[in-house]
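final16.txt follows (compact mmCIF, C-alpha atoms):
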```
# COMPACT_ATOMS: atom_id res chain seq x y z
CA MET A 233 54.78 -74.41 162.08
CA LYS A 234 57.33 -71.58 161.81
CA SER A 235 58.39 -69.39 164.71
CA SER A 236 57.27 -66.34 162.72
CA GLU A 237 53.71 -67.65 163.05
CA ILE A 238 53.91 -67.51 166.86
CA ASN A 239 53.21 -63.91 167.86
CA THR A 240 51.49 -64.15 171.24
CA THR A 241 52.07 -66.00 174.50
CA ALA A 242 48.80 -67.87 174.04
CA GLN A 243 50.00 -69.10 170.64
CA ALA A 244 53.35 -70.12 172.17
CA ILE A 245 51.67 -72.14 174.91
CA ALA A 246 49.28 -73.74 172.43
CA TYR A 247 52.22 -74.71 170.23
CA ILE A 248 54.10 -76.29 173.14
CA HIS A 249 51.00 -78.28 174.12
CA SER A 250 50.62 -79.44 170.50
CA LEU A 251 53.98 -81.21 170.53
CA PRO A 252 54.14 -85.02 170.84
CA ARG A 253 54.16 -86.41 174.38
CA LEU A 254 56.69 -89.23 173.95
CA HIS A 255 59.45 -90.53 171.71
CA PRO A 256 59.39 -94.20 170.67
CA ASP A 257 62.37 -94.75 173.00
CA LYS A 258 63.51 -93.35 176.36
CA SER A 259 66.74 -91.89 175.00
CA LEU A 260 67.99 -88.51 176.20
CA GLN A 261 69.76 -87.93 172.87
CA TYR A 262 67.12 -85.48 171.62
CA VAL A 263 67.29 -83.09 174.54
CA GLN A 264 71.08 -83.47 174.66
CA ARG A 265 71.34 -82.61 170.95
CA ALA A 266 69.34 -79.43 171.44
CA LEU A 267 71.33 -78.41 174.53
CA THR A 268 74.62 -79.04 172.70
CA ALA A 269 73.50 -76.66 169.95
CA LEU A 270 72.90 -74.06 172.68
CA LYS A 271 76.43 -74.67 174.08
CA ASN A 272 75.11 -76.63 177.06
CA PRO A 273 73.43 -74.02 179.26
CA GLN A 274 72.70 -76.72 181.86
CA GLN A 275 76.44 -76.91 182.58
CA LYS A 276 76.70 -73.18 183.30
CA ILE A 277 74.58 -73.21 186.47
CA LYS A 278 74.56 -75.07 189.76
CA THR A 279 71.55 -77.32 190.04
CA VAL A 280 69.57 -79.41 192.53
CA HIS A 281 67.67 -82.40 191.13
CA VAL A 282 64.45 -83.48 192.88
CA THR A 283 62.47 -86.65 192.27
CA GLY A 284 59.97 -88.74 194.22
CA THR A 285 56.45 -90.06 193.91
CA ASN A 286 54.98 -87.16 195.88
CA GLY A 287 56.18 -84.02 197.64
CA LYS A 288 58.57 -82.84 194.91
CA GLY A 289 56.80 -79.54 194.41
CA SER A 290 56.68 -78.71 198.10
CA VAL A 291 60.36 -79.53 198.60
CA CYS A 292 61.30 -77.33 195.63
CA TYR A 293 59.08 -74.56 196.99
CA TYR A 294 60.62 -74.61 200.48
CA LEU A 295 64.19 -74.92 199.17
CA THR A 296 63.65 -72.02 196.78
CA ASN A 297 62.44 -69.85 199.66
CA LEU A 298 65.42 -70.84 201.82
CA LEU A 299 67.95 -69.95 199.14
CA VAL A 300 66.23 -66.74 198.04
CA ASN A 301 66.03 -65.51 201.64
CA SER A 302 69.76 -66.19 201.91
CA GLY A 303 70.45 -63.80 199.05
CA PHE A 304 70.73 -66.20 196.11
CA LYS A 305 69.11 -65.88 192.69
CA VAL A 306 67.17 -69.11 192.24
CA GLY A 307 65.52 -70.67 189.22
CA THR A 308 62.80 -73.27 189.82
CA PHE A 309 61.45 -75.72 187.25
CA ALA A 310 58.07 -77.01 188.43
CA SER A 311 55.94 -79.80 187.02
CA PRO A 312 53.05 -79.48 186.51
CA TYR A 313 51.65 -75.99 187.00
CA VAL A 314 48.52 -75.26 189.03
CA LYS A 315 47.33 -71.74 188.14
CA THR A 316 49.21 -70.59 185.02
CA PHE A 317 51.52 -72.24 182.51
CA ASN A 318 54.24 -69.68 183.29
CA GLU A 319 54.65 -71.28 186.74
CA ARG A 320 56.63 -74.07 185.08
CA ILE A 321 59.70 -71.80 184.90
CA GLN A 322 60.32 -69.38 187.77
CA ILE A 323 63.07 -67.15 189.14
CA ASN A 324 62.94 -66.24 192.83
CA GLY A 325 59.42 -67.64 192.98
CA LYS A 326 58.08 -65.44 190.16
CA PRO A 327 56.82 -67.14 186.97
CA ILE A 328 58.53 -66.26 183.71
CA ASP A 329 56.83 -63.26 182.13
CA ASP A 330 54.87 -63.56 178.89
CA ALA A 331 57.38 -61.69 176.73
CA LYS A 332 60.31 -63.91 177.73
CA LEU A 333 58.22 -67.05 177.36
CA LEU A 334 57.31 -66.01 173.82
CA LEU A 335 60.90 -65.19 172.87
CA LEU A 336 62.19 -68.46 174.29
CA THR A 337 59.54 -70.45 172.43
CA GLN A 338 60.54 -68.80 169.16
CA LYS A 339 64.24 -69.39 169.89
CA ILE A 340 63.83 -73.11 170.57
CA MET A 341 61.55 -73.49 167.54
CA ASN A 342 64.29 -71.95 165.37
CA LEU A 343 66.85 -74.22 167.01
CA VAL A 344 64.83 -77.32 166.15
CA THR A 345 64.46 -76.10 162.56
CA GLN A 346 68.24 -75.69 162.26
CA ILE A 347 68.89 -79.19 163.62
CA GLN A 348 66.33 -80.65 161.22
CA LYS A 349 68.37 -79.35 158.29
CA GLU A 350 71.01 -81.92 159.27
CA ASN A 351 68.65 -84.49 160.69
CA PRO A 352 65.12 -84.30 159.17
CA ASP A 353 63.79 -86.86 161.67
CA PHE A 354 64.74 -84.77 164.70
CA TYR A 355 62.02 -83.31 166.93
CA LEU A 356 61.45 -82.44 170.58
CA VAL A 357 58.50 -83.70 172.58
CA GLU A 358 56.63 -81.28 174.84
CA PHE A 359 58.60 -81.86 178.04
CA GLU A 360 61.93 -81.80 176.18
CA PHE A 361 61.02 -78.45 174.64
CA LEU A 362 60.21 -77.07 178.09
CA THR A 363 63.38 -78.51 179.60
CA VAL A 364 65.58 -76.91 176.95
CA MET A 365 63.76 -73.59 177.39
CA MET A 366 64.26 -73.75 181.14
CA PHE A 367 68.02 -74.42 181.04
CA GLU A 368 68.55 -71.70 178.43
CA TYR A 369 66.56 -69.20 180.50
CA PHE A 370 68.32 -70.01 183.78
CA ALA A 371 71.75 -69.77 182.15
CA HIS A 372 70.89 -66.47 180.44
CA GLU A 373 69.61 -65.04 183.73
CA LYS A 374 72.73 -66.35 185.54
CA VAL A 375 70.90 -67.93 188.43
CA ASP A 376 72.98 -69.08 191.40
CA PHE A 377 70.96 -72.29 191.67
CA GLY A 378 68.48 -74.07 189.43
CA ILE A 379 66.03 -76.25 191.39
CA VAL A 380 64.94 -78.84 188.82
CA GLU A 381 61.91 -81.02 189.48
CA VAL A 382 61.84 -84.31 187.58
CA GLY A 383 58.87 -84.84 185.29
CA ILE A 384 58.48 -88.61 185.60
CA GLY A 385 60.93 -91.10 187.11
CA GLY A 386 64.56 -90.05 187.10
CA GLU A 387 67.14 -91.92 185.08
CA HIS A 388 65.32 -91.47 181.76
CA ASP A 389 63.62 -88.20 182.60
CA LYS A 390 64.44 -85.41 180.16
CA THR A 391 65.89 -83.30 182.98
CA ASN A 392 68.53 -85.94 183.76
CA VAL A 393 71.22 -84.20 181.72
CA ILE A 394 72.81 -82.45 184.70
CA THR A 395 75.37 -83.15 187.36
CA PRO A 396 73.63 -81.47 190.28
CA GLU A 397 75.18 -80.19 193.49
CA LEU A 398 72.88 -82.66 195.22
CA ALA A 399 69.91 -84.91 194.50
CA ILE A 400 66.73 -85.36 196.54
CA ILE A 401 64.44 -88.40 196.49
CA THR A 402 61.37 -87.46 198.51
CA ASN A 403 59.73 -90.91 198.60
CA ILE A 404 58.99 -93.91 196.41
CA GLY A 405 55.54 -95.32 195.68
CA MET A 406 53.43 -96.77 192.89
CA ASP A 407 52.67 -94.18 190.23
CA HIS A 408 53.31 -93.99 186.46
CA ALA A 409 53.90 -97.74 186.61
CA GLN A 410 53.10 -98.06 182.90
CA LEU A 411 56.07 -95.82 182.10
CA ILE A 412 58.67 -96.57 184.79
CA GLY A 413 57.34 -99.77 186.40
CA PRO A 414 55.71 -102.13 186.55
CA THR A 415 57.12 -102.99 190.00
CA LEU A 416 58.10 -100.80 192.94
CA SER A 417 61.68 -102.01 192.45
CA ASP A 418 61.62 -100.78 188.86
CA ILE A 419 60.35 -97.40 190.02
CA ALA A 420 63.06 -97.20 192.71
CA GLN A 421 65.73 -98.08 190.15
CA GLU A 422 64.48 -95.33 187.86
CA LYS A 423 64.41 -92.69 190.59
CA ALA A 424 67.88 -93.71 191.81
CA GLY A 425 69.15 -92.70 188.37
CA ILE A 426 69.47 -89.06 189.45
CA ILE A 427 72.19 -89.96 191.99
CA LYS A 428 75.49 -88.75 190.53
CA PHE A 429 79.18 -89.45 191.20
CA GLN A 430 80.31 -88.11 194.57
CA LYS A 431 77.30 -85.80 194.83
CA PRO A 432 75.15 -85.94 198.01
CA VAL A 433 71.69 -87.47 197.93
CA ILE A 434 68.95 -86.66 200.44
CA LEU A 435 66.36 -89.36 201.08
CA GLY A 436 62.88 -89.02 202.54
CA GLU A 437 60.60 -91.95 203.31
CA ILE A 438 61.95 -94.91 201.35
CA PRO A 439 60.10 -98.26 201.65
CA SER A 440 62.32 -100.88 203.27
CA LYS A 441 61.77 -103.29 200.36
CA VAL A 442 63.58 -100.93 197.94
CA GLN A 443 66.05 -99.28 200.33
CA SER A 444 68.84 -101.55 199.10
CA ILE A 445 68.31 -100.36 195.51
CA ILE A 446 68.91 -96.75 196.54
CA ASP A 447 71.83 -97.70 198.80
CA THR A 448 73.49 -99.73 196.05
CA ARG A 449 73.26 -96.87 193.55
CA ALA A 450 74.63 -94.40 196.10
CA LYS A 451 77.54 -96.73 196.92
CA GLN A 452 78.34 -97.26 193.24
CA GLN A 453 78.38 -93.50 192.72
CA GLN A 454 80.28 -92.84 195.98
CA ALA A 455 77.48 -90.43 196.85
CA PRO A 456 77.13 -89.28 200.48
CA VAL A 457 73.67 -90.17 201.81
CA TYR A 458 71.55 -88.05 204.16
CA GLN A 459 68.42 -89.94 205.14
CA LEU A 460 65.42 -88.72 207.11
CA GLY A 461 65.19 -90.50 210.46
CA LYS A 462 68.82 -91.55 210.35
CA HIS A 463 71.03 -88.55 209.59
CA PHE A 464 68.48 -85.85 210.41
CA LYS A 465 65.21 -86.00 212.31
CA ILE A 466 61.86 -84.33 212.92
CA GLU A 467 60.73 -84.05 216.53
CA GLN A 468 58.04 -82.42 218.64
CA ILE A 469 55.45 -81.91 215.91
CA GLN A 470 52.59 -79.78 217.23
CA LEU A 471 49.42 -78.88 215.33
CA HIS A 472 48.28 -75.43 216.45
CA ASP A 473 45.27 -75.13 214.14
CA VAL A 474 44.41 -75.85 210.50
CA SER A 475 46.81 -73.13 209.35
CA ARG A 476 49.93 -73.78 211.43
CA THR A 477 52.15 -76.67 212.52
CA SER A 478 55.43 -76.37 214.38
CA PHE A 479 58.29 -78.85 214.70
CA THR A 480 61.91 -79.27 215.75
CA TRP A 481 64.55 -80.26 213.19
CA ASN A 482 67.91 -81.64 214.23
CA ASN A 483 70.93 -83.66 213.22
CA GLN A 484 74.03 -84.57 215.23
CA THR A 485 75.33 -81.01 215.35
CA LEU A 486 72.43 -78.61 214.65
CA SER A 487 68.95 -78.09 216.05
CA PHE A 488 66.26 -75.67 214.93
CA LYS A 489 63.33 -75.39 217.32
CA ASP A 490 59.77 -74.17 216.79
CA LEU A 491 59.98 -74.13 213.00
CA GLN A 492 56.54 -73.44 211.57
CA ILE A 493 54.83 -74.26 208.30
CA ALA A 494 51.56 -72.80 207.06
CA SER A 495 49.81 -76.16 206.94
CA PHE A 496 48.23 -78.79 209.18
CA ALA A 497 49.74 -81.61 207.10
CA PRO A 498 52.47 -83.86 208.58
CA THR A 499 53.68 -84.63 205.05
CA GLN A 500 54.45 -80.94 204.60
CA VAL A 501 56.65 -81.12 207.70
CA ILE A 502 58.63 -83.90 206.02
CA ASP A 503 58.97 -81.87 202.82
CA ALA A 504 60.19 -78.88 204.82
CA ALA A 505 62.71 -81.06 206.67
CA LEU A 506 64.17 -82.37 203.40
CA ALA A 507 64.50 -78.81 202.13
CA VAL A 508 66.29 -77.72 205.31
CA GLN A 509 68.81 -80.54 204.93
CA ALA A 510 69.45 -79.54 201.31
CA TYR A 511 69.84 -75.91 202.35
CA LEU A 512 72.44 -76.82 204.95
CA ILE A 513 74.49 -78.72 202.36
CA LEU A 514 74.29 -75.94 199.78
CA CYS A 515 74.94 -72.95 202.03
CA PRO A 516 78.01 -72.04 204.07
CA GLN A 517 77.30 -72.43 207.77
CA ALA A 518 77.94 -68.73 208.29
CA THR A 519 74.78 -67.84 206.35
CA VAL A 520 72.51 -70.36 208.10
CA SER A 521 70.20 -69.04 210.78
CA ASN A 522 67.01 -70.04 212.54
CA VAL A 523 65.50 -66.70 211.46
CA ILE A 524 66.05 -67.42 207.75
CA ILE A 525 64.72 -70.96 208.06
CA GLN A 526 61.66 -69.82 209.99
CA LYS A 527 60.90 -67.05 207.51
CA SER A 528 61.29 -69.42 204.56
CA LEU A 529 59.05 -72.20 205.86
CA ALA A 530 56.22 -70.16 207.36
CA VAL A 531 55.05 -68.59 204.10
CA ASP A 532 51.76 -69.48 202.46
CA ASN A 533 51.69 -73.03 201.20
CA LEU A 534 51.72 -74.20 197.60
CA PRO A 535 48.33 -74.02 195.88
CA GLY A 536 46.67 -77.39 195.53
CA ARG A 537 48.63 -79.00 198.37
CA THR A 538 46.32 -79.43 201.39
CA GLN A 539 45.21 -75.90 200.60
CA ILE A 540 42.39 -74.44 202.68
CA ILE A 541 40.16 -72.49 200.30
CA SER A 542 37.41 -71.89 202.85
CA ARG A 543 37.22 -72.07 206.63
CA ASP A 544 33.47 -71.78 207.09
CA PRO A 545 32.54 -74.22 205.75
CA LEU A 546 35.90 -76.01 205.81
CA ILE A 547 36.99 -76.83 202.24
CA ILE A 548 40.39 -78.36 201.50
CA LEU A 549 41.88 -78.64 198.02
CA ASP A 550 44.60 -81.19 197.28
CA GLY A 551 46.07 -82.44 194.01
CA ALA A 552 46.51 -85.99 195.36
CA HIS A 553 46.22 -88.22 192.30
CA ASN A 554 47.86 -91.55 193.14
CA GLU A 555 47.50 -94.13 195.90
CA PRO A 556 50.44 -92.95 198.04
CA ALA A 557 49.25 -89.34 197.84
CA ILE A 558 45.68 -90.28 198.76
CA ARG A 559 46.94 -92.28 201.76
CA ALA A 560 49.02 -89.30 202.84
CA LEU A 561 46.05 -86.96 202.39
CA ILE A 562 43.82 -89.16 204.55
CA THR A 563 46.53 -89.28 207.22
CA ASN A 564 46.91 -85.51 207.09
CA LEU A 565 43.17 -84.94 207.38
CA GLY A 566 42.96 -87.22 210.40
CA ALA A 567 44.57 -84.50 212.48
CA ILE A 568 41.72 -82.05 211.85
CA ARG A 569 38.70 -84.22 211.10
CA GLN A 570 37.45 -84.43 214.69
CA GLN A 571 33.72 -85.20 214.47
CA ARG A 572 33.20 -83.60 211.09
CA ARG A 573 31.14 -85.22 208.36
CA VAL A 574 33.46 -85.65 205.36
CA VAL A 575 32.38 -85.07 201.77
CA VAL A 576 34.88 -85.86 199.01
CA LEU A 577 34.70 -84.36 195.52
CA TYR A 578 36.84 -86.51 193.22
CA ALA A 579 37.93 -86.19 189.58
CA ALA A 580 40.80 -88.20 188.13
CA MET A 581 42.64 -89.09 184.98
CA VAL A 582 41.71 -92.37 183.32
CA ASP A 583 45.17 -93.93 183.75
CA LYS A 584 45.14 -93.75 187.57
CA GLN A 585 44.30 -96.59 189.95
CA ARG A 586 40.85 -95.14 190.56
CA GLN A 587 39.26 -98.26 192.03
CA ASN A 588 41.96 -98.62 194.68
CA ILE A 589 41.84 -94.90 195.45
CA LEU A 590 38.07 -94.93 195.83
CA GLU A 591 38.32 -97.88 198.22
CA GLN A 592 40.63 -95.80 200.41
CA LEU A 593 38.30 -92.82 200.26
CA GLU A 594 35.24 -94.97 201.01
CA ALA A 595 36.73 -95.96 204.35
CA PHE A 596 37.29 -92.30 205.24
CA ALA A 597 34.43 -90.27 203.74
CA ASP A 598 30.72 -90.13 204.49
CA GLU A 599 29.89 -89.13 200.93
CA ILE A 600 31.86 -89.20 197.66
CA ILE A 601 30.86 -87.12 194.67
CA ILE A 602 32.64 -88.20 191.49
CA THR A 603 32.88 -85.93 188.49
CA THR A 604 34.94 -85.44 185.33
CA LEU A 605 36.98 -82.73 183.64
CA ASP A 606 36.80 -81.41 180.09
CA GLU A 607 40.02 -83.18 179.12
CA ALA A 608 40.74 -86.13 176.87
CA ARG A 609 42.61 -87.97 179.65
CA ALA A 610 39.90 -87.45 182.26
CA ALA A 611 37.95 -90.48 183.47
CA LYS A 612 34.32 -90.28 182.35
CA SER A 613 31.13 -91.69 183.87
CA SER A 614 31.54 -94.90 181.85
CA ASP A 615 34.90 -95.48 183.57
CA TYR A 616 33.26 -95.87 186.97
CA GLN A 617 31.41 -99.11 187.59
CA ASP A 618 29.54 -100.47 190.62
CA LEU A 619 29.43 -97.28 192.64
CA LYS A 620 28.81 -97.73 196.37
CA PRO A 621 25.73 -96.27 198.10
CA GLN A 622 27.80 -93.34 199.42
CA GLU A 623 29.07 -92.52 195.88
CA HIS A 624 27.36 -90.76 193.01
CA PHE A 625 28.48 -89.26 189.72
CA ILE A 626 27.58 -85.67 188.82
CA GLN A 627 28.61 -83.68 185.78
CA PRO A 628 29.62 -81.15 184.65
CA TRP A 629 32.18 -80.59 187.38
CA PRO A 630 31.09 -77.00 188.29
CA VAL A 631 27.63 -78.39 189.09
CA ALA A 632 29.23 -81.17 191.16
CA PHE A 633 31.28 -78.57 193.05
CA ALA A 634 28.23 -76.39 193.68
CA GLN A 635 26.19 -79.34 194.97
CA ALA A 636 29.05 -80.47 197.21
CA VAL A 637 29.36 -77.00 198.76
CA THR A 638 25.59 -76.69 199.19
CA SER A 639 25.51 -79.98 201.12
CA LEU A 640 27.90 -78.66 203.80
CA ASP A 641 27.11 -77.31 207.24
CA SER A 642 29.27 -76.13 210.15
CA GLU A 643 29.97 -79.73 211.15
CA SER A 644 31.11 -80.80 207.66
CA MET A 645 34.35 -80.78 205.67
CA LEU A 646 34.71 -80.90 201.88
CA VAL A 647 37.87 -82.47 200.45
CA ILE A 648 38.54 -81.91 196.74
CA CYS A 649 41.14 -84.25 195.22
CA GLY A 650 42.08 -86.54 192.33
CA SER A 651 44.23 -84.38 190.08
CA LEU A 652 46.28 -81.19 190.02
CA HIS A 653 44.36 -80.40 186.83
CA PHE A 654 41.17 -80.51 188.91
CA ALA A 655 42.77 -78.33 191.58
CA SER A 656 43.71 -75.83 188.90
CA ALA A 657 40.17 -75.80 187.52
CA ILE A 658 38.70 -75.18 190.99
CA LEU A 659 41.14 -72.32 191.67
CA ASP A 660 40.37 -70.80 188.30
CA LEU A 661 36.65 -70.97 189.04
CA LEU A 662 37.15 -69.23 192.40
CA LYS A 663 39.54 -66.49 191.31
CA PRO A 664 38.13 -62.95 191.69
CA GLU A 665 36.78 -61.17 188.64
CA ASN A 666 39.08 -58.47 187.29
```

Would you mind writing the file out in structure tokens?
Amino acid sequence: MKSSEINTTAQAIAYIHSLPRLHPDKSLQYVQRALTALKNPQQKIKTVHVTGTNGKGSVCYYLTNLLVNSGFKVGTFASPYVKTFNERIQINGKPIDDAKLLLLTQKIMNLVTQIQKENPDFYLVEFEFLTVMMFEYFAHEKVDFGIVEVGIGGEHDKTNVITPELAIITNIGMDHAQLIGPTLSDIAQEKAGIIKFQKPVILGEIPSKVQSIIDTRAKQQQAPVYQLGKHFKIEQIQLHDVSRTSFTWNNQTLSFKDLQIASFAPTQVIDAALAVQAYLILCPQATVSNVIIQKSLAVDNLPGRTQIISRDPLIILDGAHNEPAIRALITNLGAIRQQRRVVVLYAAMVDKQRQNILEQLEAFADEIIITTLDEARAAKSSDYQDLKPQEHFIQPWPVAFAQAVTSLDSESMLVICGSLHFASAILDLLKPEN
């Protein structure tokens, strides 16, 4: 397809989604070749690189707020989006507008065509195309910082063509094992690949069995390490209600008391703490204040992350899609469950560890309604075998959602989880009519 055939944003997005998903190898040569042709825009901006099994989006969100409220122009590359495709590429928290998205799509299409004149076998896969677009946009807009969320893994991720001001590894767990596994050690090794020479790395909750892998990489790269629980800490966590949690953050020299986040979830406190540590490294001490930090953390939470979409009845939407995220979600919900009857509405992709996830949910929920999405990758009814008495399959998913809501009373709680794609579908269903 020629760029002249792409005349609307919808066509641009459809074209991007039509691109291949993977190359036969894990090489970064394709994205590097395209960036070289653009005179390496990724080298013209300061960046922060964020990886981890879960929590990446929240950390990027909090860090973006911290830097914007300190007067910086901040680009954020998010993966995946929840409401609109444009969310993938943001400046100061605002998604790229349709006109710029269209122009960038046409520009990168033309770039690929030019490269193919020298190398007919050259092409970009979908995430590479987006990555190149993002770096070109951030450089053109002259952002002060680009907060870059890894797609999958780290070392071989298409975003790993930068030397960031610092790297963040939120946590390490089993997910995408078919691509970056199969073992937890393999996954840790892959995520450690974003640690760069003499650049700081911030660590969240790292399993003890793979801590040495991260430490070894950091030592080889002479990278200063700032680890949660060791170099900075969270104290005095207090849940006020389902919409507010406060905590104290401190290290050896600084303490910020009564910081608040707009969530009941302890995992969100951890994400906020990692962002604060990154902010302190990036910003001169003269610009740091409790007021800025408080303002930046207390804003509405990310959609699809322990998001309360109704209070009466209580309905919580979360994009938890892997075992570590489901465990974290169950832990988070424990703080507000009280005596409530719990109904779970679950839809997942076929490549996830659905049996293990359902076993975790069975121990927590009174009823589990399983459904499916209108996507090729979505698990269908035939993918679920030997359902337990508390589980039943209902489709299509809007009917499953309606039945789940209808079953609630004032003593019940509905938890919707399994995929950010599902979270997006639910939010789209609930959005007001224009």

Next item on the list: Write out as a ChimeraX atom specification the residues lying within 12 Å of A:Ile427, counting all atoms listed in the file and excluding same-chain residues fewer than 4 positions away.
Entry: /A:280-283,386-387,392-401,420-423,431-435,445-457

Notebook entry, point to check: Hey, which of A:Thr603, A:Gln274, A:Asn286, A:Gln338 ends up closest to A:Thr402? Count all atoms listed in the file.
Noted result: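 Residue with the minimum atom-to-atom distance to A:Thr402: A:Asn286.
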
As JSON, what would the box around stretch 253-268 of chain A look like: edges along x, y and z, 5 Å added on every side, centre and edge lengths in Å to one decimal?
```
{"center_x": 64.4, "center_y": -86.6, "center_z": 173.5, "size_x": 30.5, "size_y": 26.3, "size_z": 15.7}
```

Shell around stretch 414-417 of chain A at 12 Å using only C-alpha atoms, local window under 3 positions removed, as a PDB file with C-alpha atoms, in the coordinates of the input:
```
ATOM      1  CA  THR A 285      56.450 -90.060 193.910  1.00  0.00           C
ATOM      2  CA  GLY A 385      60.930 -91.100 187.110  1.00  0.00           C
ATOM      3  CA  ASN A 403      59.730 -90.910 198.600  1.00  0.00           C
ATOM      4  CA  ILE A 404      58.990 -93.910 196.410  1.00  0.00           C
ATOM      5  CA  GLY A 405      55.540 -95.320 195.680  1.00  0.00           C
ATOM      6  CA  MET A 406      53.430 -96.770 192.890  1.00  0.00           C
ATOM      7  CA  ASP A 407      52.670 -94.180 190.230  1.00  0.00           C
ATOM      8  CA  HIS A 408      53.310 -93.990 186.460  1.00  0.00           C
ATOM      9  CA  ALA A 409      53.900 -97.740 186.610  1.00  0.00           C
ATOM     10  CA  GLN A 410      53.100 -98.060 182.900  1.00  0.00           C
ATOM     11  CA  LEU A 411      56.070 -95.820 182.100  1.00  0.00           C
ATOM     12  CA  ALA A 420      63.060 -97.200 192.710  1.00  0.00           C
ATOM     13  CA  GLN A 421      65.730 -98.080 190.150  1.00  0.00           C
ATOM     14  CA  GLU A 422      64.480 -95.330 187.860  1.00  0.00           C
ATOM     15  CA  LYS A 423      64.410 -92.690 190.590  1.00  0.00           C
ATOM     16  CA  ALA A 424      67.880 -93.710 191.810  1.00  0.00           C
ATOM     17  CA  ILE A 438      61.950 -94.910 201.350  1.00  0.00           C
ATOM     18  CA  PRO A 439      60.100 -98.260 201.650  1.00  0.00           C
ATOM     19  CA  SER A 440      62.320-100.880 203.270  1.00  0.00           C
ATOM     20  CA  LYS A 441      61.770-103.290 200.360  1.00  0.00           C
ATOM     21  CA  VAL A 442      63.580-100.930 197.940  1.00  0.00           C
ATOM     22  CA  GLN A 443      66.050 -99.280 200.330  1.00  0.00           C
ATOM     23  CA  SER A 444      68.840-101.550 199.100  1.00  0.00           C
ATOM     24  CA  ILE A 445      68.310-100.360 195.510  1.00  0.00           C
ATOM     25  CA  ILE A 446      68.910 -96.750 196.540  1.00  0.00           C
TER      26      ILE A 446
END
```

Note to self: Just the number, please: distance in Å from atom CA of A:Gln526 to atom CA of A:Leu299, one decimal.
What the structure shows: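 Pair atom CA of A:Gln526 / atom CA of A:Leu299 returns 12.5 Å.
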
Checklist line | Point-to-point distance from atom CA of A:Phe488 to atom CA of A:Ile568, Å rounded to tenths | finding: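 Going from atom CA of A:Phe488 over to atom CA of A:Ile568 covers 25.5 Å.
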
Item checked: Nearest to A:Lys663, chosen from A:Lys315, A:Thr279, A:Lys428, A:Glu643, with all atoms listed in the file counted in the distances ->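 That would be A:Lys315, the residue with the smallest distance to A:Lys663.
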
Checklist line | Nearest to A:Pro630, chosen from A:Glu381, A:Asp606, A:Asp615, A:Asp473, with all atoms listed in the file counted in the distances | finding: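 Looking only at the distances to A:Pro630, the closest residue turns out to be A:Asp606.
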
Next item on the list: Select, from A:Gly307, A:Pro621, A:Gly383, A:Pro273, the residue with the minimum atom-to-atom distance to A:Lys288, counting all atoms listed in the file.
Entry: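 For A:Lys288, the nearest of the given residues is A:Gly383.
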
Item checked: Neighbours of point (31.1, -86.6, 199.1) within 10 Å, using all atoms listed in the file, written as a list in words -> Arg573, Val574, Val575, Val576, Leu577, Tyr578, Leu593, Glu594, Ala597, Asp598, Glu599, Ile600, Ile601, Ile602, Gln622, Glu623, His624, Ala632, Gln635, Ala636, Val637, Ser639, Leu640, Met645, Leu646, Val647 and Ile648 of chain A

Can you write out the residues you just picked, keeping C-alpha atoms, as a PDB file, in the coordinates of the input?
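Saved to again16.pdb:
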```pdb
ATOM      1  CA  ARG A 573      31.140 -85.220 208.360  1.00  0.00           C
ATOM      2  CA  VAL A 574      33.460 -85.650 205.360  1.00  0.00           C
ATOM      3  CA  VAL A 575      32.380 -85.070 201.770  1.00  0.00           C
ATOM      4  CA  VAL A 576      34.880 -85.860 199.010  1.00  0.00           C
ATOM      5  CA  LEU A 577      34.700 -84.360 195.520  1.00  0.00           C
ATOM      6  CA  TYR A 578      36.840 -86.510 193.220  1.00  0.00           C
ATOM      7  CA  LEU A 593      38.300 -92.820 200.260  1.00  0.00           C
ATOM      8  CA  GLU A 594      35.240 -94.970 201.010  1.00  0.00           C
ATOM      9  CA  ALA A 597      34.430 -90.270 203.740  1.00  0.00           C
ATOM     10  CA  ASP A 598      30.720 -90.130 204.490  1.00  0.00           C
ATOM     11  CA  GLU A 599      29.890 -89.130 200.930  1.00  0.00           C
ATOM     12  CA  ILE A 600      31.860 -89.200 197.660  1.00  0.00           C
ATOM     13  CA  ILE A 601      30.860 -87.120 194.670  1.00  0.00           C
ATOM     14  CA  ILE A 602      32.640 -88.200 191.490  1.00  0.00           C
ATOM     15  CA  GLN A 622      27.800 -93.340 199.420  1.00  0.00           C
ATOM     16  CA  GLU A 623      29.070 -92.520 195.880  1.00  0.00           C
ATOM     17  CA  HIS A 624      27.360 -90.760 193.010  1.00  0.00           C
ATOM     18  CA  ALA A 632      29.230 -81.170 191.160  1.00  0.00           C
ATOM     19  CA  GLN A 635      26.190 -79.340 194.970  1.00  0.00           C
ATOM     20  CA  ALA A 636      29.050 -80.470 197.210  1.00  0.00           C
ATOM     21  CA  VAL A 637      29.360 -77.000 198.760  1.00  0.00           C
ATOM     22  CA  SER A 639      25.510 -79.980 201.120  1.00  0.00           C
ATOM     23  CA  LEU A 640      27.900 -78.660 203.800  1.00  0.00           C
ATOM     24  CA  MET A 645      34.350 -80.780 205.670  1.00  0.00           C
ATOM     25  CA  LEU A 646      34.710 -80.900 201.880  1.00  0.00           C
ATOM     26  CA  VAL A 647      37.870 -82.470 200.450  1.00  0.00           C
ATOM     27  CA  ILE A 648      38.540 -81.910 196.740  1.00  0.00           C
TER      28      ILE A 648
END
```

Margin query: Just checking: using only C-alpha atoms, which residue out of A:Lys271, A:His372, A:Lys349, A:Lys339 ends up closest to A:Ile323?
Written below: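 Checking each candidate against A:Ile323, we get A:His372 as the closest.
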